[in-house]
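Okay, data23.cif is below, mmCIF, C-alpha atoms:
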```cif
data_protein
#
loop_
_atom_site.label_atom_id
_atom_site.label_comp_id
_atom_site.auth_asym_id
_atom_site.auth_seq_id
_atom_site.Cartn_x
_atom_site.Cartn_y
_atom_site.Cartn_z
CA MET A 35 -14.88 25.92 6.61
CA SER A 36 -13.84 26.74 3.11
CA THR A 37 -15.49 29.50 1.22
CA PRO A 38 -15.91 29.50 -2.53
CA PHE A 39 -15.12 32.63 -4.46
CA PRO A 40 -16.75 35.17 -4.62
CA ILE A 41 -17.01 35.58 -0.89
CA THR A 42 -19.49 37.87 0.69
CA ASP A 43 -19.51 37.96 4.41
CA SER A 44 -21.70 41.04 4.44
CA PRO A 45 -25.00 41.06 6.28
CA LEU A 46 -27.88 40.00 4.13
CA VAL A 47 -30.08 42.90 5.10
CA CYS A 48 -28.95 46.52 5.00
CA TRP A 49 -29.25 48.34 8.34
CA SER A 50 -30.41 51.49 6.61
CA CYS A 51 -32.84 50.59 3.81
CA HIS A 52 -33.66 47.10 5.18
CA GLU A 53 -33.30 45.65 1.71
CA ARG A 54 -31.44 42.44 1.01
CA THR A 55 -28.01 43.39 -0.19
CA ILE A 56 -25.02 41.80 -1.85
CA GLY A 57 -22.43 44.55 -1.45
CA THR A 58 -19.09 44.14 0.32
CA HIS A 59 -18.70 47.59 1.84
CA PHE A 60 -21.72 49.45 0.55
CA CYS A 61 -25.35 48.43 0.21
CA SER A 62 -26.23 47.39 -3.29
CA SER A 63 -29.66 48.96 -2.93
CA CYS A 64 -29.27 52.29 -1.16
CA GLY A 65 -25.51 52.80 -1.34
CA LYS A 66 -25.02 53.31 2.41
CA MET A 67 -21.95 51.87 4.03
CA LEU A 68 -22.73 48.44 5.45
CA GLN A 69 -22.14 47.47 9.04
CA VAL A 70 -18.88 45.66 9.78
CA PRO A 71 -19.58 41.91 9.76
CA GLU A 72 -19.01 40.22 13.11
CA LYS A 73 -16.50 37.78 11.71
CA SER A 74 -13.84 39.64 9.85
CA ASP A 75 -12.53 38.27 6.59
CA TYR A 76 -9.66 40.28 5.18
CA PHE A 77 -9.77 38.43 1.88
CA ALA A 78 -13.46 39.25 1.45
CA MET A 79 -12.79 42.90 2.27
CA PHE A 80 -10.55 43.08 -0.77
CA GLU A 81 -12.92 40.86 -2.75
CA ILE A 82 -10.18 38.37 -3.46
CA PRO A 83 -10.31 34.57 -3.06
CA ARG A 84 -8.69 32.96 -0.01
CA LYS A 85 -5.49 32.27 -1.84
CA LEU A 86 -1.94 32.84 -0.70
CA TRP A 87 -0.48 34.38 -3.81
CA ILE A 88 -1.62 37.96 -3.93
CA GLU A 89 -0.68 40.41 -6.60
CA MET A 90 0.81 43.25 -4.57
CA SER A 91 0.23 46.22 -6.85
CA GLY A 92 -3.41 45.20 -7.24
CA LEU A 93 -3.79 44.90 -3.47
CA GLU A 94 -2.24 48.29 -2.92
CA LYS A 95 -4.42 49.91 -5.53
CA LYS A 96 -7.54 48.44 -4.01
CA PHE A 97 -6.38 49.47 -0.56
CA LEU A 98 -5.92 53.09 -1.61
CA GLN A 99 -9.31 53.16 -3.35
CA LEU A 100 -11.10 51.68 -0.37
CA SER A 101 -9.27 53.90 2.12
CA TRP A 102 -10.49 56.85 0.16
CA LYS A 103 -14.09 55.63 -0.03
CA LEU A 104 -14.35 54.53 3.58
CA HIS A 105 -12.43 57.42 5.14
CA PRO A 106 -14.15 59.13 8.10
CA ASP A 107 -13.54 62.52 6.47
CA ASN A 108 -16.23 61.63 3.96
CA PHE A 109 -18.77 61.15 6.73
CA VAL A 110 -18.31 64.26 8.83
CA ASN A 111 -21.89 65.31 8.22
CA ALA A 112 -23.37 61.81 8.23
CA SER A 113 -25.37 60.17 11.01
CA PRO A 114 -23.54 58.94 14.13
CA GLU A 115 -24.10 55.34 12.97
CA GLU A 116 -22.44 55.99 9.66
CA ARG A 117 -19.56 57.85 11.27
CA GLU A 118 -18.95 54.91 13.55
CA ILE A 119 -19.14 52.38 10.71
CA SER A 120 -16.70 54.43 8.68
CA LEU A 121 -14.25 54.52 11.56
CA LYS A 122 -14.56 50.78 12.13
CA ARG A 123 -14.28 49.89 8.49
CA SER A 124 -11.27 52.14 8.00
CA SER A 125 -9.39 50.68 10.91
CA GLU A 126 -10.23 47.15 9.83
CA LEU A 127 -9.09 47.92 6.33
CA ASN A 128 -5.72 49.03 7.69
CA ASP A 129 -5.38 45.80 9.69
CA ALA A 130 -6.37 43.78 6.65
CA TYR A 131 -3.85 45.47 4.40
CA ARG A 132 -1.04 45.14 6.93
CA THR A 133 -1.79 41.43 7.37
CA LEU A 134 -2.26 40.45 3.74
CA ARG A 135 0.76 42.42 2.58
CA GLU A 136 3.07 40.28 4.69
CA PRO A 137 3.57 36.72 3.34
CA VAL A 138 3.93 34.98 6.72
CA GLY A 139 1.20 37.03 8.39
CA ARG A 140 -1.06 36.14 5.47
CA VAL A 141 -0.58 32.40 6.03
CA GLU A 142 -1.19 32.80 9.76
CA TYR A 143 -4.36 34.73 9.09
CA LEU A 144 -5.65 32.25 6.53
CA LEU A 145 -5.13 29.35 8.93
CA ALA A 146 -6.82 31.30 11.70
CA ILE A 147 -9.99 32.04 9.71
CA GLU A 148 -10.05 28.52 8.33
CA GLY A 149 -9.96 27.30 11.94
CA ALA A 150 -6.65 25.47 11.56
CA ARG A 151 -4.65 27.64 13.93
CA VAL A 152 -6.26 29.04 17.03
CA GLU A 153 -3.69 31.21 18.73
CA GLY A 154 -3.24 30.49 22.42
CA LYS A 155 -6.27 28.21 22.52
CA SER A 156 -5.59 24.80 21.11
CA LYS A 157 -1.90 24.36 21.66
CA GLN A 158 0.34 23.87 18.70
CA GLN A 159 2.32 20.66 18.69
CA ALA A 160 5.86 20.47 17.49
CA PRO A 161 7.31 17.19 16.21
CA PRO A 162 9.92 15.71 18.62
CA GLU A 163 12.71 15.79 16.02
CA LEU A 164 12.21 19.50 15.58
CA LEU A 165 12.32 20.07 19.33
CA GLU A 166 15.53 18.04 19.60
CA GLU A 167 17.09 20.02 16.80
CA VAL A 168 16.01 23.41 18.16
CA PHE A 169 17.12 22.47 21.66
CA GLY A 170 20.52 21.45 20.36
CA LEU A 171 20.92 24.65 18.36
CA ASN A 172 19.93 26.69 21.39
CA GLU A 173 22.47 24.84 23.50
CA SER A 174 25.28 25.56 21.09
CA LEU A 175 24.27 29.20 21.05
CA ASP A 176 24.27 29.12 24.84
CA GLU A 177 27.81 27.75 24.88
CA LEU A 178 28.96 30.58 22.68
CA ARG A 179 27.21 33.05 24.96
CA GLU A 180 28.92 31.64 28.02
CA ALA A 181 32.30 31.68 26.34
CA LYS A 182 31.69 35.29 25.45
CA ALA A 183 30.74 36.15 29.02
CA SER A 184 33.83 34.49 30.46
CA GLY A 185 36.05 36.38 28.05
CA GLY A 186 37.07 33.63 25.69
CA ASP A 187 39.02 34.17 22.51
CA LEU A 188 36.83 36.87 21.02
CA GLY A 189 38.06 36.62 17.45
CA ASN A 190 37.37 32.93 17.32
CA LEU A 191 34.03 33.40 19.04
CA LYS A 192 32.86 36.00 16.61
CA GLU A 193 33.71 33.63 13.82
CA ARG A 194 31.66 30.86 15.38
CA LEU A 195 28.72 33.16 16.06
CA THR A 196 28.81 34.41 12.51
CA ALA A 197 28.87 30.82 11.28
CA ALA A 198 25.91 30.03 13.55
CA GLU A 199 24.04 33.04 12.22
CA LYS A 200 24.65 31.93 8.67
CA ASN A 201 23.44 28.45 9.53
CA PHE A 202 20.22 29.81 11.08
CA GLN A 203 19.66 32.22 8.20
CA ASP A 204 20.06 29.34 5.75
CA LYS A 205 17.52 27.33 7.70
CA LEU A 206 15.15 30.28 7.70
CA ALA A 207 15.52 30.67 3.94
CA GLU A 208 14.91 26.95 3.57
CA VAL A 209 11.72 27.02 5.61
CA ASP A 210 10.55 30.12 3.75
CA GLY A 211 11.05 28.27 0.50
CA GLU A 212 9.05 25.33 1.78
CA LEU A 213 6.37 27.72 2.96
CA GLN A 214 6.15 29.20 -0.52
CA ASN A 215 5.75 25.77 -2.05
CA ALA A 216 3.04 24.84 0.41
CA ALA A 217 1.31 28.14 -0.35
CA LYS A 218 1.28 27.19 -4.02
CA GLU A 219 -0.21 23.85 -3.09
CA TRP A 220 -2.95 25.65 -1.19
CA ASP A 221 -3.75 27.90 -4.13
CA ALA A 222 -3.88 24.89 -6.43
CA ALA A 223 -6.28 23.19 -4.03
CA VAL A 224 -8.52 26.27 -4.02
CA ASP A 225 -8.42 26.50 -7.83
CA ALA A 226 -9.31 22.84 -8.13
CA SER A 227 -12.11 23.25 -5.54
CA ALA A 228 -10.45 20.45 -3.63
CA ASP A 229 -12.44 18.79 -0.90
CA GLU A 230 -12.14 19.54 2.80
CA ALA A 231 -9.83 16.59 3.46
CA LYS A 232 -7.28 17.73 0.88
CA ARG A 233 -7.42 21.29 2.21
CA ARG A 234 -6.86 20.06 5.75
CA ILE A 235 -3.71 18.25 4.66
CA VAL A 236 -2.26 21.37 3.05
CA MET A 237 -3.24 23.47 6.05
CA ALA A 238 -1.54 21.05 8.41
CA LYS A 239 1.60 21.36 6.34
CA LEU A 240 1.42 25.16 6.39
CA ASN A 241 0.86 25.10 10.12
CA GLU A 242 3.86 22.89 10.75
CA LEU A 243 6.06 25.12 8.63
CA LEU A 244 4.89 28.21 10.50
CA ASN A 245 5.80 26.53 13.78
CA ARG A 246 9.20 25.55 12.51
CA ARG A 247 9.70 29.06 11.23
CA SER A 248 8.96 30.64 14.59
CA TYR A 249 11.62 28.50 16.30
CA ILE A 250 14.22 29.32 13.70
CA ARG A 251 13.25 32.97 13.69
CA ASN A 252 13.96 33.05 17.45
CA LEU A 253 17.37 31.52 16.91
CA VAL A 254 18.21 34.12 14.30
CA VAL A 255 17.12 36.94 16.61
CA ASN A 256 19.09 35.49 19.53
CA VAL A 257 22.29 34.98 17.61
CA GLU A 258 22.01 38.47 16.15
CA LYS A 259 21.74 39.88 19.67
CA GLU A 260 25.07 38.25 20.51
CA LEU A 261 26.71 39.71 17.44
CA LEU A 262 25.72 43.31 18.21
CA MET B 111 4.07 44.60 31.52
CA ALA B 112 6.19 43.90 34.56
CA TYR B 113 7.07 40.46 35.81
CA SER B 114 6.04 39.53 39.33
CA GLU B 115 8.72 39.41 42.01
CA LYS B 116 8.59 35.62 42.07
CA VAL B 117 9.16 35.37 38.32
CA VAL B 118 12.14 37.72 38.56
CA ASP B 119 13.52 35.67 41.47
CA HIS B 120 13.28 32.39 39.53
CA TYR B 121 14.67 34.08 36.45
CA ASN B 122 17.69 35.50 38.28
CA ASN B 123 18.25 32.44 40.46
CA PRO B 124 16.82 29.53 38.52
CA ARG B 125 16.64 26.38 40.65
CA ASN B 126 17.89 23.04 39.40
CA VAL B 127 19.29 24.08 36.07
CA GLY B 128 21.14 21.28 34.36
CA SER B 129 20.68 17.87 32.90
CA MET B 130 20.90 14.19 33.74
CA PRO B 131 21.86 11.28 31.51
CA LYS B 132 18.90 10.57 29.25
CA GLU B 133 19.80 6.89 29.03
CA ASP B 134 19.55 6.30 32.81
CA PRO B 135 16.54 3.99 33.24
CA ASN B 136 15.47 5.96 36.31
CA VAL B 137 15.54 9.29 34.51
CA GLY B 138 12.48 10.52 32.67
CA THR B 139 12.97 13.29 30.10
CA GLY B 140 10.31 15.63 28.82
CA LEU B 141 11.11 17.93 25.92
CA VAL B 142 8.27 20.25 25.00
CA GLY B 143 7.88 23.40 22.99
CA ALA B 144 5.51 26.24 22.25
CA PRO B 145 5.82 26.95 18.55
CA GLU B 146 3.79 30.16 18.81
CA CYS B 147 6.60 31.83 20.72
CA GLY B 148 9.48 29.51 19.90
CA ASP B 149 10.15 28.41 23.48
CA VAL B 150 11.69 25.01 24.21
CA MET B 151 11.74 23.40 27.64
CA LYS B 152 13.49 20.26 28.85
CA LEU B 153 12.57 18.80 32.19
CA GLN B 154 14.16 15.70 33.67
CA MET B 155 13.36 13.72 36.80
CA LYS B 156 15.17 10.95 38.56
CA ILE B 157 12.55 8.64 39.99
CA ASN B 158 13.08 5.90 42.54
CA PRO B 159 11.50 2.79 40.99
CA ASP B 160 10.55 1.32 44.39
CA THR B 161 9.10 4.30 46.18
CA LYS B 162 8.05 6.18 42.98
CA ILE B 163 9.43 9.30 44.61
CA ILE B 164 11.03 11.96 42.46
CA GLU B 165 14.47 12.30 43.96
CA GLU B 166 16.01 14.77 41.58
CA ALA B 167 14.74 17.22 38.99
CA LYS B 168 16.60 19.32 36.44
CA PHE B 169 15.54 21.68 33.71
CA LYS B 170 16.83 23.74 30.88
CA THR B 171 14.58 26.23 29.12
CA PHE B 172 15.19 28.50 26.19
CA GLY B 173 12.48 31.07 26.31
CA CYS B 174 11.07 34.07 28.07
CA GLY B 175 11.29 34.84 31.79
CA SER B 176 7.90 33.29 32.50
CA ALA B 177 8.83 30.03 30.77
CA ILE B 178 12.06 29.84 32.76
CA ALA B 179 10.30 30.67 36.02
CA SER B 180 7.51 28.14 35.33
CA SER B 181 9.96 25.31 34.71
CA SER B 182 12.21 26.32 37.61
CA LEU B 183 9.19 26.27 39.92
CA ALA B 184 8.06 22.94 38.46
CA THR B 185 11.38 21.29 39.37
CA GLU B 186 11.11 22.69 42.90
CA TRP B 187 7.59 21.39 43.29
CA VAL B 188 8.08 17.88 41.93
CA LYS B 189 11.14 17.12 44.05
CA GLY B 190 10.21 14.80 46.91
CA LYS B 191 6.77 14.14 45.48
CA THR B 192 5.56 10.79 44.23
CA VAL B 193 4.82 10.37 40.54
CA GLU B 194 1.09 10.53 41.20
CA GLU B 195 1.40 13.70 43.26
CA ALA B 196 3.52 15.35 40.58
CA LEU B 197 0.94 14.49 37.93
CA ALA B 198 -1.65 16.35 40.00
CA ILE B 199 0.21 19.65 39.52
CA LYS B 200 -1.88 21.87 37.29
CA ASN B 201 -0.75 24.78 35.21
CA THR B 202 -3.23 26.95 37.13
CA ASP B 203 -1.24 26.26 40.31
CA ILE B 204 1.83 27.67 38.58
CA VAL B 205 -0.11 30.67 37.29
CA ARG B 206 -1.27 31.43 40.81
CA GLU B 207 2.12 30.99 42.44
CA LEU B 208 3.92 33.17 39.90
CA SER B 209 1.03 35.62 39.29
CA LEU B 210 1.39 35.12 35.56
CA PRO B 211 -0.63 37.49 33.35
CA PRO B 212 -3.05 35.98 30.79
CA VAL B 213 -0.59 36.33 27.89
CA LYS B 214 1.90 34.16 29.76
CA ILE B 215 -0.43 31.34 30.73
CA HIS B 216 0.92 29.18 27.90
CA CYS B 217 4.28 29.13 29.72
CA SER B 218 2.65 27.39 32.67
CA VAL B 219 0.90 24.99 30.31
CA LEU B 220 4.29 24.17 28.86
CA ALA B 221 5.65 23.38 32.35
CA GLU B 222 2.70 21.11 33.12
CA ASP B 223 3.22 19.37 29.78
CA ALA B 224 6.92 18.95 30.55
CA ILE B 225 6.14 17.25 33.87
CA LYS B 226 3.71 14.87 32.14
CA ALA B 227 6.14 14.19 29.30
CA ALA B 228 9.01 13.44 31.69
CA ILE B 229 6.92 11.07 33.77
CA GLY B 230 5.51 9.52 30.61
CA ASP B 231 9.04 8.86 29.38
CA TRP B 232 9.99 7.26 32.70
CA LYS B 233 6.84 5.13 32.67
CA LYS B 234 7.61 3.98 29.15
CA LYS B 235 11.08 2.92 30.23
CA HIS B 236 9.48 0.83 32.97
CA GLY B 237 6.76 -0.64 30.78
CA ILE B 238 3.97 1.20 32.57
CA GLU B 239 1.11 2.22 30.36
CA VAL B 240 0.47 5.95 30.10
CA PRO B 241 -3.23 6.79 30.26
CA ALA B 242 -4.43 9.19 27.57
CA HIS B 243 -5.23 12.00 30.01
CA GLU B 244 -1.64 11.98 31.25
CA LYS B 245 -0.24 12.51 27.79
CA SER B 246 1.32 15.89 27.35
CA SER B 247 -0.92 17.13 24.58
CA HIS B 248 -3.56 19.64 25.55
#
```

Give the structure from the file, written as structure tokens.
Amino acid sequence: MSTPFPITDSPLVCWSCHERTIGTHFCSSCGKMLQVPEKSDYFAMFEIPRKLWIEMSGLEKKFLQLSWKLHPDNFVNASPEEREISLKRSSELNDAYRTLREPVGRVEYLLAIEGARVEGKSKQQAPPELLEEVFGLNESLDELREAKASGGDLGNLKERLTAAEKNFQDKLAEVDGELQNAAKEWDAAVDASADEAKRRIVMAKLNELLNRRSYIRNLVVNVEKELL
Amino acid sequence: MAYSEKVVDHYNNPRNVGSMPKEDPNVGTGLVGAPECGDVMKLQMKINPDTKIIEEAKFKTFGCGSAIASSSLATEWVKGKTVEEALAIKNTDIVRELSLPPVKIHCSVLAEDAIKAAIGDWKKKHGIEVPAHEKSSH
């Protein structure tokens, strides 16, 4: 489901004054902190559209402001309900900031709330060519590992491992570049209020790139372990 | 989180590691992956075309201990079974045998997928149609 900007996932009726409300964190009528919506939306928490390019200094500023406003210290003398809401909102704000700050985590989160990537549930598919490639790369890494274990020519080995690491790092940089381009495509689709079908196509692309990235990321980690 | 004894055993002494020639008409190859964790698993079976019995099974897995144990166990289980019997192996059987925790269930799913993919590949080589429910996608 795509949400137009501005997004308000807040409950329609305030728990305290029972008025209809349009606030994000605080009731627009009585000013009390609103209950945490059941379905979290980190973008909505920061009142930003569901786009992948986020201006970092703006995000940080907003984070600091909100942390200050929502902080449990401000509610020491408030009702138990309010104290609990403050605690919940503060911890969710921290999660939101941590997720949105990180470019890859941000894409993962966007796909999750848009229903395009359900972790652990609907299994992700990888294209056969990618599997072949990753399997082959893993096998070559394995050969190097075995040679290392059986005390091969260490100088030569180190050279080959370093070359492998460079190769994997290059691939990672490549996929990160593609991910950035796809992110731009997503933002353009949001700006143009593109229809669901168009959005699905971009999301599928993002999803595929994330999958590819996680394989390559593993290879980088594994080859780095051997170089320690 | 600690691995169960059986996982550790399969991890330390994996059964049937290796590969068989992909081009052999009697060999079915299944290559599957779990992008979420970056695991890749290759499972191969040599199937007798007359008896439809799986005579040999080999695997190679790049992944965590549970993924290795799941595929190692899968090769042990399919050996000597007919194609139909092997297709009846469910990931939940693997979970039970290895006492896999919930976060590692996807490893068993991967092994079940690999069995289906390998048999699917063999069937394709022999011009046998693969019904949709036997395809390796969940």

Excluding same-chain residues fewer than 5 positions from region 159-175 of chain A, what lies within 9 Å of it counting all atoms listed in the file, as a PDB file with C-alpha atoms, keeping the file's coordinate frame?
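Once everything was written out, this is around-v8.pdb:
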```pdb
ATOM      1  CA  GLU A 180      28.920  31.640  28.020  1.00  0.00           C
ATOM      2  CA  LEU A 195      28.720  33.160  16.060  1.00  0.00           C
ATOM      3  CA  ALA A 198      25.910  30.030  13.550  1.00  0.00           C
ATOM      4  CA  PHE A 202      20.220  29.810  11.080  1.00  0.00           C
ATOM      5  CA  GLU A 242       3.860  22.890  10.750  1.00  0.00           C
ATOM      6  CA  ASN A 245       5.800  26.530  13.780  1.00  0.00           C
ATOM      7  CA  ARG A 246       9.200  25.550  12.510  1.00  0.00           C
ATOM      8  CA  TYR A 249      11.620  28.500  16.300  1.00  0.00           C
ATOM      9  CA  ILE A 250      14.220  29.320  13.700  1.00  0.00           C
ATOM     10  CA  LEU A 253      17.370  31.520  16.910  1.00  0.00           C
ATOM     11  CA  ASN A 256      19.090  35.490  19.530  1.00  0.00           C
ATOM     12  CA  VAL A 257      22.290  34.980  17.610  1.00  0.00           C
TER      13      VAL A 257
ATOM     14  CA  LEU B 141      11.110  17.930  25.920  1.00  0.00           C
ATOM     15  CA  VAL B 142       8.270  20.250  25.000  1.00  0.00           C
ATOM     16  CA  GLY B 143       7.880  23.400  22.990  1.00  0.00           C
ATOM     17  CA  ALA B 144       5.510  26.240  22.250  1.00  0.00           C
ATOM     18  CA  PRO B 145       5.820  26.950  18.550  1.00  0.00           C
ATOM     19  CA  VAL B 150      11.690  25.010  24.210  1.00  0.00           C
ATOM     20  CA  MET B 151      11.740  23.400  27.640  1.00  0.00           C
ATOM     21  CA  LYS B 152      13.490  20.260  28.850  1.00  0.00           C
ATOM     22  CA  THR B 171      14.580  26.230  29.120  1.00  0.00           C
ATOM     23  CA  PHE B 172      15.190  28.500  26.190  1.00  0.00           C
ATOM     24  CA  SER B 247      -0.920  17.130  24.580  1.00  0.00           C
TER      25      SER B 247
END
```

Notebook entry, point to check: From the list B:Cys174, B:Leu208, B:Ala167, B:Val188, which residue is nearest chain A when using all atoms listed in the file?
Noted result: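 Of B:Cys174, B:Leu208, B:Ala167, B:Val188, the one nearest chain A is B:Cys174, counting all atoms listed in the file.
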
Check: Suppose you want the space between CA of Glu165 (chain B) and CA of Ala179 (chain B); what is it in Å?
Finding: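 Separation of CA of Glu165 (chain B) and CA of Ala179 (chain B): 20.4 Å.
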
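Separating CA of Lys103 (chain A) from CA of Gly57 (chain A) is a distance of 13.9 Å.
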
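In this structure, CA of Glu195 (chain B) sits 23.3 Å away from CA of Ser176 (chain B).
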
Next item on the list: Identify all residues satisfying the PyMOL selection byres ((chain B and resi 189) around 9) in the given file; provide them as a ChimeraX atom specification.
Entry: /B:155,163-167,184-188,190-192,196

Writer output for current selection, C-alpha atoms, as a CSV table (one decimal), in the frame of the given file:
```csv
chain,number,residue,atom,x,y,z
B,155,MET,CA,13.4,13.7,36.8
B,163,ILE,CA,9.4,9.3,44.6
B,164,ILE,CA,11.0,12.0,42.5
B,165,GLU,CA,14.5,12.3,44.0
B,166,GLU,CA,16.0,14.8,41.6
B,167,ALA,CA,14.7,17.2,39.0
B,184,ALA,CA,8.1,22.9,38.5
B,185,THR,CA,11.4,21.3,39.4
B,186,GLU,CA,11.1,22.7,42.9
B,187,TRP,CA,7.6,21.4,43.3
B,188,VAL,CA,8.1,17.9,41.9
B,190,GLY,CA,10.2,14.8,46.9
B,191,LYS,CA,6.8,14.1,45.5
B,192,THR,CA,5.6,10.8,44.2
B,196,ALA,CA,3.5,15.4,40.6
```

Note to self: Could you list, as a PyMOL selection string, every residue matched by the PyMOL selection byres ((chain A and resi 134-144) around 9) in this structure?
What the structure shows: chain A and resi 76-77+84-88+90+93-94+129-133+145-151+210+213-214+217+240-241+244

Item checked: Residue members of the PyMOL selection byres ((chain B and resi 211) around 10) in the file shown, as a PyMOL selection string -> chain B and resi 111-114+176+205-206+208-210+212-215

Next item on the list: Pick out the closest residue to Leu183 (chain B) from this set: B:Asp231, B:Glu207, B:Glu146, B:Glu133. Count all atoms listed in the file.
Entry: B:Glu207

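Counting all atoms listed in the file and comparing B:Asn136, B:Met130, B:Val117, B:Pro124, the residue that lies closest to Trp232 (chain B) is B:Asn136.
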
Show me, as AutoDock Vina command-line options, the centre and edge lengths in Å to one decimal of the axis-aligned box that covers every listed atom of region 216-220 of chain B with 5 Å on each side.
```
--center_x 2.6 --center_y 26.7 --center_z 30.3 --size_x 13.4 --size_y 15.0 --size_z 14.8
```
